[in-house]
file upload.csv (CSV, N, CA and C atoms and all ligand atoms)
chain,number,residue,atom,x,y,z
J,24,MET,N,13.6,7.9,-25.0
J,24,MET,CA,12.8,7.8,-23.7
J,24,MET,C,12.1,6.4,-23.7
J,25,LYS,N,12.1,5.8,-22.6
J,25,LYS,CA,11.5,4.5,-22.5
J,25,LYS,C,10.4,4.5,-21.4
J,26,PHE,N,9.3,4.0,-21.7
J,26,PHE,CA,8.2,3.9,-20.7
J,26,PHE,C,8.3,2.6,-19.9
J,27,ILE,N,8.4,2.7,-18.6
J,27,ILE,CA,8.7,1.5,-17.8
J,27,ILE,C,7.3,1.0,-17.3
J,28,GLU,N,7.0,-0.3,-17.5
J,28,GLU,CA,5.9,-0.9,-17.0
J,28,GLU,C,6.3,-2.1,-16.2
J,29,SER,N,5.5,-2.6,-15.2
J,29,SER,CA,5.9,-3.7,-14.4
J,29,SER,C,4.7,-4.6,-14.1
J,30,ASP,N,4.8,-5.9,-14.4
J,30,ASP,CA,3.8,-6.8,-14.0
J,30,ASP,C,3.7,-7.0,-12.5
J,31,ASN,N,4.7,-6.6,-11.8
J,31,ASN,CA,4.9,-6.8,-10.4
J,31,ASN,C,4.3,-5.7,-9.5
J,32,LEU,N,3.7,-4.7,-10.2
J,32,LEU,CA,3.1,-3.6,-9.5
J,32,LEU,C,1.7,-3.4,-9.8
J,33,PRO,N,0.9,-2.8,-8.9
J,33,PRO,CA,-0.5,-2.5,-9.3
J,33,PRO,C,-0.5,-1.5,-10.4
J,34,ALA,N,-1.6,-1.6,-11.2
J,34,ALA,CA,-1.7,-0.7,-12.3
J,34,ALA,C,-1.7,0.8,-11.9
J,35,ALA,N,-1.3,1.7,-12.7
J,35,ALA,CA,-1.4,3.1,-12.4
J,35,ALA,C,-2.8,3.5,-12.2
J,36,ILE,N,-3.1,4.4,-11.4
J,36,ILE,CA,-4.5,4.8,-11.1
J,36,ILE,C,-4.9,6.0,-11.9
J,37,GLY,N,-4.2,6.3,-12.9
J,37,GLY,CA,-4.5,7.4,-13.8
J,37,GLY,C,-3.8,7.3,-15.1
J,38,PRO,N,-3.9,8.3,-16.0
J,38,PRO,CA,-3.2,8.3,-17.3
J,38,PRO,C,-1.8,8.7,-17.2
J,39,TYR,N,-1.0,7.9,-16.6
J,39,TYR,CA,0.5,8.1,-16.5
J,39,TYR,C,1.2,6.8,-16.5
J,40,SER,N,2.5,6.9,-16.7
J,40,SER,CA,3.4,5.7,-16.7
J,40,SER,C,4.0,5.5,-15.3
J,41,PRO,N,4.2,4.3,-14.8
J,41,PRO,CA,4.8,4.0,-13.5
J,41,PRO,C,6.2,4.7,-13.4
J,42,ALA,N,6.9,4.7,-14.5
J,42,ALA,CA,8.2,5.3,-14.5
J,42,ALA,C,8.7,5.6,-16.0
J,43,ILE,N,9.6,6.5,-16.1
J,43,ILE,CA,10.2,6.8,-17.4
J,43,ILE,C,11.7,6.8,-17.3
J,44,LYS,N,12.3,6.2,-18.3
J,44,LYS,CA,13.8,6.2,-18.3
J,44,LYS,C,14.3,7.1,-19.4
J,45,VAL,N,15.1,8.0,-19.0
J,45,VAL,CA,15.7,9.0,-20.0
J,45,VAL,C,17.1,9.3,-19.6
J,46,ASN,N,18.0,9.3,-20.6
J,46,ASN,CA,19.4,9.6,-20.4
J,46,ASN,C,20.0,8.9,-19.2
J,47,GLY,N,19.7,7.6,-19.0
J,47,GLY,CA,20.3,6.8,-17.9
J,47,GLY,C,19.6,7.1,-16.5
J,48,MET,N,18.6,7.9,-16.5
J,48,MET,CA,17.9,8.2,-15.2
J,48,MET,C,16.5,7.6,-15.2
J,49,ILE,N,16.0,7.2,-14.1
J,49,ILE,CA,14.7,6.7,-13.9
J,49,ILE,C,13.9,7.7,-13.1
J,50,TYR,N,12.8,8.1,-13.6
J,50,TYR,CA,11.9,9.1,-13.0
J,50,TYR,C,10.6,8.3,-12.6
J,51,THR,N,10.3,8.1,-11.4
J,51,THR,CA,9.1,7.3,-11.0
J,51,THR,C,7.9,8.2,-10.8
J,52,SER,N,6.8,7.7,-11.0
J,52,SER,CA,5.5,8.3,-10.5
J,52,SER,C,5.4,8.1,-9.0
J,53,ALA,N,4.6,8.9,-8.4
J,53,ALA,CA,4.4,8.7,-7.0
J,53,ALA,C,3.7,7.4,-6.8
J,54,GLN,N,4.2,6.6,-5.8
J,54,GLN,CA,3.6,5.3,-5.5
J,54,GLN,C,2.6,5.5,-4.4
J,55,VAL,N,1.5,4.8,-4.6
J,55,VAL,CA,0.4,4.9,-3.6
J,55,VAL,C,0.4,3.5,-2.8
J,56,PRO,N,-0.2,3.5,-1.6
J,56,PRO,CA,-0.1,2.3,-0.8
J,56,PRO,C,-1.1,1.2,-1.2
J,57,VAL,N,-0.9,0.7,-2.4
J,57,VAL,CA,-1.8,-0.4,-2.8
J,57,VAL,C,-1.1,-1.6,-3.2
J,58,THR,N,-1.7,-2.7,-3.0
J,58,THR,CA,-1.1,-4.0,-3.3
J,58,THR,C,-1.2,-4.3,-4.8
J,59,LEU,N,-0.6,-5.4,-5.2
J,59,LEU,CA,-0.6,-5.8,-6.6
J,59,LEU,C,-2.0,-5.9,-7.2
J,60,ASP,N,-3.0,-6.3,-6.4
J,60,ASP,CA,-4.3,-6.4,-7.0
J,60,ASP,C,-5.1,-5.0,-6.9
J,61,GLY,N,-4.4,-4.0,-6.5
J,61,GLY,CA,-5.0,-2.7,-6.5
J,61,GLY,C,-5.7,-2.3,-5.2
J,62,THR,N,-5.6,-3.1,-4.2
J,62,THR,CA,-6.3,-2.9,-2.9
J,62,THR,C,-5.5,-1.9,-2.1
J,63,LEU,N,-6.1,-0.8,-1.6
J,63,LEU,CA,-5.5,0.1,-0.7
J,63,LEU,C,-5.3,-0.6,0.6
J,64,VAL,N,-4.1,-0.5,1.2
J,64,VAL,CA,-3.9,-1.2,2.5
J,64,VAL,C,-4.5,-0.3,3.6
J,65,GLU,N,-4.5,-0.9,4.8
J,65,GLU,CA,-5.1,-0.3,6.0
J,65,GLU,C,-4.7,1.2,6.1
J,66,ARG,N,-5.6,2.0,6.6
J,66,ARG,CA,-5.3,3.4,6.8
J,66,ARG,C,-4.5,3.6,8.1
J,67,ASP,N,-3.2,3.2,8.0
J,67,ASP,CA,-2.3,3.2,9.1
J,67,ASP,C,-0.9,3.7,8.5
J,68,ILE,N,-0.3,4.7,9.1
J,68,ILE,CA,0.9,5.3,8.4
J,68,ILE,C,2.0,4.3,8.3
J,69,LYS,N,2.2,3.4,9.3
J,69,LYS,CA,3.3,2.5,9.1
J,69,LYS,C,3.0,1.5,8.0
J,70,ILE,N,1.8,0.9,8.0
J,70,ILE,CA,1.5,0.0,7.0
J,70,ILE,C,1.5,0.6,5.6
J,71,GLN,N,1.0,1.8,5.5
J,71,GLN,CA,1.0,2.5,4.2
J,71,GLN,C,2.4,2.9,3.7
J,72,THR,N,3.2,3.3,4.6
J,72,THR,CA,4.6,3.7,4.3
J,72,THR,C,5.4,2.5,3.8
J,73,ARG,N,5.2,1.3,4.5
J,73,ARG,CA,5.9,0.1,4.1
J,73,ARG,C,5.5,-0.3,2.7
J,74,GLN,N,4.2,-0.2,2.4
J,74,GLN,CA,3.7,-0.6,1.1
J,74,GLN,C,4.2,0.3,0.0
J,75,VAL,N,4.2,1.6,0.3
J,75,VAL,CA,4.7,2.5,-0.7
J,75,VAL,C,6.2,2.3,-1.0
J,76,LEU,N,7.0,2.1,0.1
J,76,LEU,CA,8.4,1.8,-0.1
J,76,LEU,C,8.7,0.5,-0.8
J,77,SER,N,7.8,-0.5,-0.5
J,77,SER,CA,7.9,-1.8,-1.2
J,77,SER,C,7.6,-1.6,-2.7
J,78,ASN,N,6.6,-0.9,-3.0
J,78,ASN,CA,6.2,-0.7,-4.4
J,78,ASN,C,7.3,0.1,-5.1
J,79,LEU,N,7.9,1.1,-4.4
J,79,LEU,CA,9.0,1.9,-5.0
J,79,LEU,C,10.2,0.9,-5.3
J,80,ARG,N,10.5,0.1,-4.4
J,80,ARG,CA,11.7,-0.8,-4.6
J,80,ARG,C,11.4,-1.7,-5.8
J,81,THR,N,10.2,-2.3,-5.8
J,81,THR,CA,9.9,-3.2,-7.0
J,81,THR,C,10.0,-2.5,-8.3
J,82,LEU,N,9.4,-1.3,-8.3
J,82,LEU,CA,9.5,-0.5,-9.6
J,82,LEU,C,10.9,-0.2,-10.0
J,83,LEU,N,11.7,0.2,-9.0
J,83,LEU,CA,13.1,0.6,-9.4
J,83,LEU,C,13.9,-0.7,-9.9
J,84,GLU,N,13.7,-1.8,-9.2
J,84,GLU,CA,14.4,-3.0,-9.6
J,84,GLU,C,13.9,-3.5,-11.0
J,85,ASP,N,12.6,-3.3,-11.2
J,85,ASP,CA,12.1,-3.7,-12.6
J,85,ASP,C,12.6,-2.7,-13.7
J,86,ALA,N,13.0,-1.6,-13.2
J,86,ALA,CA,13.5,-0.6,-14.2
J,86,ALA,C,15.0,-0.6,-14.2
J,87,GLU,N,15.6,-1.7,-13.7
J,87,GLU,CA,17.1,-1.9,-13.7
J,87,GLU,C,17.8,-0.8,-13.0
J,88,SER,N,17.2,-0.5,-11.8
J,88,SER,CA,17.8,0.5,-10.9
J,88,SER,C,17.7,-0.1,-9.5
J,89,GLY,N,17.6,0.6,-8.5
J,89,GLY,CA,17.4,0.1,-7.1
J,89,GLY,C,17.5,1.2,-6.1
J,90,MET,N,17.2,0.9,-4.9
J,90,MET,CA,17.1,1.9,-3.8
J,90,MET,C,18.5,2.6,-3.6
J,91,ASN,N,19.5,1.8,-3.8
J,91,ASN,CA,20.9,2.4,-3.6
J,91,ASN,C,21.3,3.3,-4.8
J,92,ASN,N,20.5,3.4,-5.8
J,92,ASN,CA,20.7,4.3,-6.9
J,92,ASN,C,19.9,5.5,-6.9
J,93,VAL,N,19.1,5.6,-5.8
J,93,VAL,CA,18.2,6.8,-5.8
J,93,VAL,C,18.9,8.1,-5.5
J,94,VAL,N,18.6,9.1,-6.2
J,94,VAL,CA,19.3,10.4,-6.1
J,94,VAL,C,18.4,11.4,-5.3
J,95,LYS,N,17.1,11.3,-5.6
J,95,LYS,CA,16.1,12.3,-5.0
J,95,LYS,C,14.8,11.6,-4.7
J,96,VAL,N,14.2,11.9,-3.6
J,96,VAL,CA,12.9,11.4,-3.2
J,96,VAL,C,12.0,12.6,-2.9
J,97,SER,N,10.8,12.4,-3.2
J,97,SER,CA,9.7,13.4,-2.7
J,97,SER,C,8.7,12.6,-2.0
J,98,ILE,N,8.4,13.0,-0.8
J,98,ILE,CA,7.3,12.4,0.0
J,98,ILE,C,6.2,13.3,0.2
J,99,TYR,N,5.0,12.8,0.0
J,99,TYR,CA,3.8,13.6,0.2
J,99,TYR,C,3.0,13.0,1.3
J,100,LEU,N,2.7,13.8,2.3
J,100,LEU,CA,2.0,13.3,3.5
J,100,LEU,C,0.7,14.0,3.7
J,101,GLU,N,-0.3,13.2,4.1
J,101,GLU,CA,-1.6,13.9,4.5
J,101,GLU,C,-1.4,14.7,5.8
J,102,ASN,N,-0.7,14.0,6.7
J,102,ASN,CA,-0.5,14.6,8.0
J,102,ASN,C,1.0,14.8,8.3
J,103,ILE,N,1.5,16.0,8.5
J,103,ILE,CA,2.9,16.2,8.8
J,103,ILE,C,3.3,15.6,10.1
J,104,GLU,N,2.3,15.3,11.0
J,104,GLU,CA,2.6,14.7,12.2
J,104,GLU,C,3.2,13.3,12.0
J,105,ASP,N,3.0,12.7,10.8
J,105,ASP,CA,3.6,11.4,10.5
J,105,ASP,C,5.0,11.5,10.2
J,106,PHE,N,5.6,12.6,10.1
J,106,PHE,CA,7.0,12.8,9.7
J,106,PHE,C,8.0,11.9,10.4
J,107,GLY,N,7.9,11.8,11.7
J,107,GLY,CA,8.8,11.1,12.5
J,107,GLY,C,8.7,9.6,12.2
J,108,VAL,N,7.5,9.1,12.2
J,108,VAL,CA,7.3,7.6,11.9
J,108,VAL,C,7.9,7.3,10.5
J,109,VAL,N,7.6,8.2,9.5
J,109,VAL,CA,8.0,7.9,8.2
J,109,VAL,C,9.5,8.0,8.1
J,110,ASN,N,10.2,8.9,8.8
J,110,ASN,CA,11.6,8.9,8.8
J,110,ASN,C,12.2,7.6,9.3
J,111,VAL,N,11.7,7.0,10.3
J,111,VAL,CA,12.2,5.7,10.8
J,111,VAL,C,12.1,4.6,9.7
J,112,LEU,N,10.9,4.5,9.1
J,112,LEU,CA,10.8,3.5,8.0
J,112,LEU,C,11.6,3.8,6.8
J,113,PHE,N,11.7,5.1,6.5
J,113,PHE,CA,12.5,5.5,5.4
J,113,PHE,C,14.0,5.1,5.6
J,114,ALA,N,14.5,5.3,6.8
J,114,ALA,CA,15.9,5.0,7.1
J,114,ALA,C,16.1,3.4,7.0
J,115,GLU,N,15.1,2.7,7.5
J,115,GLU,CA,15.1,1.2,7.4
J,115,GLU,C,15.2,0.8,5.9
J,116,ALA,N,14.5,1.4,5.1
J,116,ALA,CA,14.4,1.0,3.7
J,116,ALA,C,15.7,1.4,2.9
J,117,PHE,N,16.3,2.6,3.3
J,117,PHE,CA,17.4,3.0,2.5
J,117,PHE,C,18.8,2.7,3.2
J,118,GLY,N,18.8,2.3,4.4
J,118,GLY,CA,20.0,2.0,5.1
J,118,GLY,C,21.0,3.2,5.1
J,119,GLU,N,22.2,2.8,4.8
J,119,GLU,CA,23.3,3.9,4.8
J,119,GLU,C,23.1,4.9,3.6
J,120,HIS,N,22.4,4.4,2.6
J,120,HIS,CA,22.2,5.3,1.4
J,120,HIS,C,21.2,6.4,1.8
J,121,LYS,N,21.7,7.7,1.7
J,121,LYS,CA,20.8,8.8,2.0
J,121,LYS,C,20.6,9.7,0.8
J,122,PRO,N,19.5,9.5,0.1
J,122,PRO,CA,19.3,10.4,-1.1
J,122,PRO,C,18.9,11.8,-0.6
J,123,ALA,N,18.9,12.7,-1.6
J,123,ALA,CA,18.3,14.0,-1.3
J,123,ALA,C,16.8,13.8,-1.2
J,124,ARG,N,16.1,14.7,-0.5
J,124,ARG,CA,14.7,14.4,-0.2
J,124,ARG,C,13.9,15.7,0.1
J,125,SER,N,12.7,15.7,-0.3
J,125,SER,CA,11.8,16.8,0.1
J,125,SER,C,10.5,16.1,0.6
J,126,THR,N,10.0,16.7,1.7
J,126,THR,CA,8.7,16.2,2.3
J,126,THR,C,7.8,17.3,2.4
J,127,ILE,N,6.6,17.1,1.9
J,127,ILE,CA,5.5,18.1,2.1
J,127,ILE,C,4.2,17.4,2.6
J,128,SER,N,3.4,18.2,3.3
J,128,SER,CA,2.1,17.7,3.6
J,128,SER,C,1.1,18.4,2.7
J,129,THR,N,0.1,17.6,2.3
J,129,THR,CA,-0.9,18.1,1.3
J,129,THR,C,-2.3,18.0,1.9
J,130,ASN,N,-3.2,18.7,1.2
J,130,ASN,CA,-4.6,18.7,1.6
J,130,ASN,C,-5.3,17.6,0.8
J,131,GLY,N,-4.9,16.3,1.1
J,131,GLY,CA,-5.6,15.2,0.4
J,131,GLY,C,-4.7,14.6,-0.7
J,132,LEU,N,-4.7,13.3,-0.7
J,132,LEU,CA,-3.9,12.5,-1.7
J,132,LEU,C,-4.8,11.5,-2.4
J,133,PRO,N,-4.4,11.1,-3.6
J,133,PRO,CA,-5.3,10.2,-4.4
J,133,PRO,C,-5.6,8.9,-3.5
J,134,MET,N,-6.8,8.4,-3.7
J,134,MET,CA,-7.3,7.2,-3.0
J,134,MET,C,-7.4,7.5,-1.5
J,135,ASN,N,-7.4,8.7,-1.1
J,135,ASN,CA,-7.4,9.0,0.3
J,135,ASN,C,-6.3,8.4,1.1
J,136,SER,N,-5.1,8.3,0.4
J,136,SER,CA,-3.9,7.7,1.0
J,136,SER,C,-3.3,8.7,2.0
J,137,LEU,N,-2.6,8.1,2.9
J,137,LEU,CA,-1.9,8.9,3.9
J,137,LEU,C,-0.5,9.4,3.4
J,138,ILE,N,0.0,8.6,2.4
J,138,ILE,CA,1.4,8.9,1.9
J,138,ILE,C,1.5,8.5,0.5
J,139,MET,N,2.3,9.2,-0.3
J,139,MET,CA,2.8,8.8,-1.6
J,139,MET,C,4.3,9.2,-1.6
J,140,ILE,N,5.1,8.4,-2.4
J,140,ILE,CA,6.5,8.7,-2.6
J,140,ILE,C,6.9,8.5,-4.0
J,141,ASP,N,7.7,9.4,-4.6
J,141,ASP,CA,8.3,9.2,-5.9
J,141,ASP,C,9.8,9.4,-5.8
J,142,ALA,N,10.5,9.1,-6.8
J,142,ALA,CA,11.9,9.1,-6.8
J,142,ALA,C,12.5,9.3,-8.1
J,143,VAL,N,13.7,9.8,-8.1
J,143,VAL,CA,14.6,9.9,-9.3
J,143,VAL,C,15.8,9.1,-9.0
J,144,ALA,N,16.2,8.2,-9.9
J,144,ALA,CA,17.3,7.3,-9.6
J,144,ALA,C,18.1,7.1,-10.9
J,145,MET,N,19.4,6.7,-10.6
J,145,MET,CA,20.3,6.3,-11.8
J,145,MET,C,19.9,4.9,-12.2
J,146,ALA,N,19.9,4.7,-13.5
J,146,ALA,CA,19.8,3.3,-14.0
J,146,ALA,C,21.1,2.6,-13.8
J,147,SER,N,21.1,1.3,-13.7
J,147,SER,CA,22.3,0.6,-13.4
J,147,SER,C,23.3,0.7,-14.6
J,148,ASP,N,22.8,1.1,-15.7
J,148,ASP,CA,23.8,1.2,-16.9
J,148,ASP,C,24.2,2.7,-17.1
J,149,TYR,N,23.9,3.5,-16.1
J,149,TYR,CA,24.2,5.0,-16.2
J,149,TYR,C,25.8,5.1,-16.1
J,150,HIS,N,26.3,5.9,-16.9
J,150,HIS,CA,27.8,6.1,-16.8
J,150,HIS,C,28.1,7.6,-16.5
J,201,LIG,C1,-0.7,8.4,-7.9
J,201,LIG,C2,-0.1,9.2,-8.7
J,201,LIG,N1,1.2,9.0,-9.0
J,201,LIG,C3,-0.8,10.3,-9.4
J,201,LIG,O1,-2.0,10.3,-9.4
J,201,LIG,O2,-0.1,11.1,-10.0
call {"tool": "encode", "arguments": {"input": "upload.csv", "output": "structure tokens"}}
result
Amino acid sequence: MKFIESDNLPAAIGPYSPAIKVNGMIYTSAQVPVTLDGTLVERDIKIQTRQVLSNLRTLLEDAESGMNNVVKVSIYLENIEDFGVVNVLFAEAFGEHKPARSTISTNGLPMNSLIMIDAVAMASDYH
């Protein structure tokens, strides 16, 4: 098992690793909509979704994987009404690649975020 850290991402906001690599697979922690310096972006679902997807992309690339290697995504929303907007931005981020996905709305997210996303992906050296 390898603990993945990245200098290109904000620090974890709790006692967990950004991602773990095991058996050729990358398991990411849920990404929150914060910038590299740890600042929470504006409380707007489009801005927060783009930041989370950007953080996820950076994390996966630093873990020798990538968006096209993603197998499963989990999305956590504060408001299920944001589902449609998130779908549009999700499709932009993943393009033709369509991972398996689950989306749930929750009663509150860390840092009062509107969205968090985590993923399971194949590492590029997976056989
Ligand atoms: C933000 C998280 N991934 C967490 O608190 O688990």
call {"tool": "closest_residue", "arguments": {"input": "upload.csv", "among": "J:Asn92, J:Asn130, J:Gln74, J:Asn102", "to": "Leu32 in chain J", "atoms": "only C-alpha atoms"}}
result
J:Gln74
call {"tool": "select_by_dssp", "arguments": {"input": "upload.csv", "residues": "range 30-82 of chain J", "states": "helix (DSSP H, G or I)", "output": "PyMOL selection string"}}
result
chain J and resi 68-82
call {"tool": "atom_distance", "arguments": {"input": "upload.csv", "atom1": "CA of Val93 in chain J", "atom2": "atom N of Gly61 in chain J"}}
result
25.1 Å
call {"tool": "select_by_dssp", "arguments": {"input": "upload.csv", "residues": "chain J", "states": "strand (DSSP E)", "output": "short mmCIF file (atom, residue, chain, number, x, y, z; two decimals) with N, CA and C atoms, in the coordinates of the input"}}
result
data_model
loop_
_atom_site.label_atom_id
_atom_site.label_comp_id
_atom_site.auth_asym_id
_atom_site.auth_seq_id
_atom_site.Cartn_x
_atom_site.Cartn_y
_atom_site.Cartn_z
N LYS J 25 12.10 5.80 -22.60
CA LYS J 25 11.50 4.50 -22.50
C LYS J 25 10.40 4.50 -21.40
N PHE J 26 9.30 4.00 -21.70
CA PHE J 26 8.20 3.90 -20.70
C PHE J 26 8.30 2.60 -19.90
N ILE J 27 8.40 2.70 -18.60
CA ILE J 27 8.70 1.50 -17.80
C ILE J 27 7.30 1.00 -17.30
N ALA J 42 6.90 4.70 -14.50
CA ALA J 42 8.20 5.30 -14.50
C ALA J 42 8.70 5.60 -16.00
N ILE J 43 9.60 6.50 -16.10
CA ILE J 43 10.20 6.80 -17.40
C ILE J 43 11.70 6.80 -17.30
N LYS J 44 12.30 6.20 -18.30
CA LYS J 44 13.80 6.20 -18.30
C LYS J 44 14.30 7.10 -19.40
N VAL J 45 15.10 8.00 -19.00
CA VAL J 45 15.70 9.00 -20.00
C VAL J 45 17.10 9.30 -19.60
N MET J 48 18.60 7.90 -16.50
CA MET J 48 17.90 8.20 -15.20
C MET J 48 16.50 7.60 -15.20
N ILE J 49 16.00 7.20 -14.10
CA ILE J 49 14.70 6.70 -13.90
C ILE J 49 13.90 7.70 -13.10
N TYR J 50 12.80 8.10 -13.60
CA TYR J 50 11.90 9.10 -13.00
C TYR J 50 10.60 8.30 -12.60
N THR J 51 10.30 8.10 -11.40
CA THR J 51 9.10 7.30 -11.00
C THR J 51 7.90 8.20 -10.80
N VAL J 93 19.10 5.60 -5.80
CA VAL J 93 18.20 6.80 -5.80
C VAL J 93 18.90 8.10 -5.50
N VAL J 94 18.60 9.10 -6.20
CA VAL J 94 19.30 10.40 -6.10
C VAL J 94 18.40 11.40 -5.30
N LYS J 95 17.10 11.30 -5.60
CA LYS J 95 16.10 12.30 -5.00
C LYS J 95 14.80 11.60 -4.70
N VAL J 96 14.20 11.90 -3.60
CA VAL J 96 12.90 11.40 -3.20
C VAL J 96 12.00 12.60 -2.90
N SER J 97 10.80 12.40 -3.20
CA SER J 97 9.70 13.40 -2.70
C SER J 97 8.70 12.60 -2.00
N ILE J 98 8.40 13.00 -0.80
CA ILE J 98 7.30 12.40 0.00
C ILE J 98 6.20 13.30 0.20
N TYR J 99 5.00 12.80 0.00
CA TYR J 99 3.80 13.60 0.20
C TYR J 99 3.00 13.00 1.30
N LEU J 100 2.70 13.80 2.30
CA LEU J 100 2.00 13.30 3.50
C LEU J 100 0.70 14.00 3.70
N ALA J 123 18.90 12.70 -1.60
CA ALA J 123 18.30 14.00 -1.30
C ALA J 123 16.80 13.80 -1.20
N ARG J 124 16.10 14.70 -0.50
CA ARG J 124 14.70 14.40 -0.20
C ARG J 124 13.90 15.70 0.10
N SER J 125 12.70 15.70 -0.30
CA SER J 125 11.80 16.80 0.10
C SER J 125 10.50 16.10 0.60
N THR J 126 10.00 16.70 1.70
CA THR J 126 8.70 16.20 2.30
C THR J 126 7.80 17.30 2.40
N ILE J 127 6.60 17.10 1.90
CA ILE J 127 5.50 18.10 2.10
C ILE J 127 4.20 17.40 2.60
N SER J 128 3.40 18.20 3.30
CA SER J 128 2.10 17.70 3.60
C SER J 128 1.10 18.40 2.70
N ILE J 138 0.00 8.60 2.40
CA ILE J 138 1.40 8.90 1.90
C ILE J 138 1.50 8.50 0.50
N MET J 139 2.30 9.20 -0.30
CA MET J 139 2.80 8.80 -1.60
C MET J 139 4.30 9.20 -1.60
N ILE J 140 5.10 8.40 -2.40
CA ILE J 140 6.50 8.70 -2.60
C ILE J 140 6.90 8.50 -4.00
N ASP J 141 7.70 9.40 -4.60
CA ASP J 141 8.30 9.20 -5.90
C ASP J 141 9.80 9.40 -5.80
N ALA J 142 10.50 9.10 -6.80
CA ALA J 142 11.90 9.10 -6.80
C ALA J 142 12.50 9.30 -8.10
N VAL J 143 13.70 9.80 -8.10
CA VAL J 143 14.60 9.90 -9.30
C VAL J 143 15.80 9.10 -9.00
N ALA J 144 16.20 8.20 -9.90
CA ALA J 144 17.30 7.30 -9.60
C ALA J 144 18.10 7.10 -10.90
N MET J 145 19.40 6.70 -10.60
CA MET J 145 20.30 6.30 -11.80
C MET J 145 19.90 4.90 -12.20
#
call {"tool": "closest_residue", "arguments": {"input": "upload.csv", "among": "J:Leu100, J:Ile70, J:Ala35, J:Val45", "to": "Met139 in chain J", "atoms": "all atoms listed in the file"}}
result
J:Leu100
call {"tool": "residues_near_point", "arguments": {"input": "upload.csv", "point": "(-0.3, 3.3, 1.8)", "cutoff": "7 Å", "atoms": "all atoms listed in the file", "output": "PyMOL selection string"}}
result
chain J and resi 55-57+63-65+67-68+70-75+136-139
call {"tool": "residues_near_ligand", "arguments": {"input": "upload.csv", "ligand": "ligand LIG 201 (chain J)", "cutoff": "6.5 Å", "atoms": "all atoms listed in the file", "output": "list in words"}}
result
Ile36, Gly37, Ser52, Ala53, Gln54, Val55 and Pro133 of chain J
call {"tool": "atom_distance", "arguments": {"input": "upload.csv", "atom1": "atom C of Ser88 in chain J", "atom2": "CA of Met145 in chain J"}}
result
7.3 Å
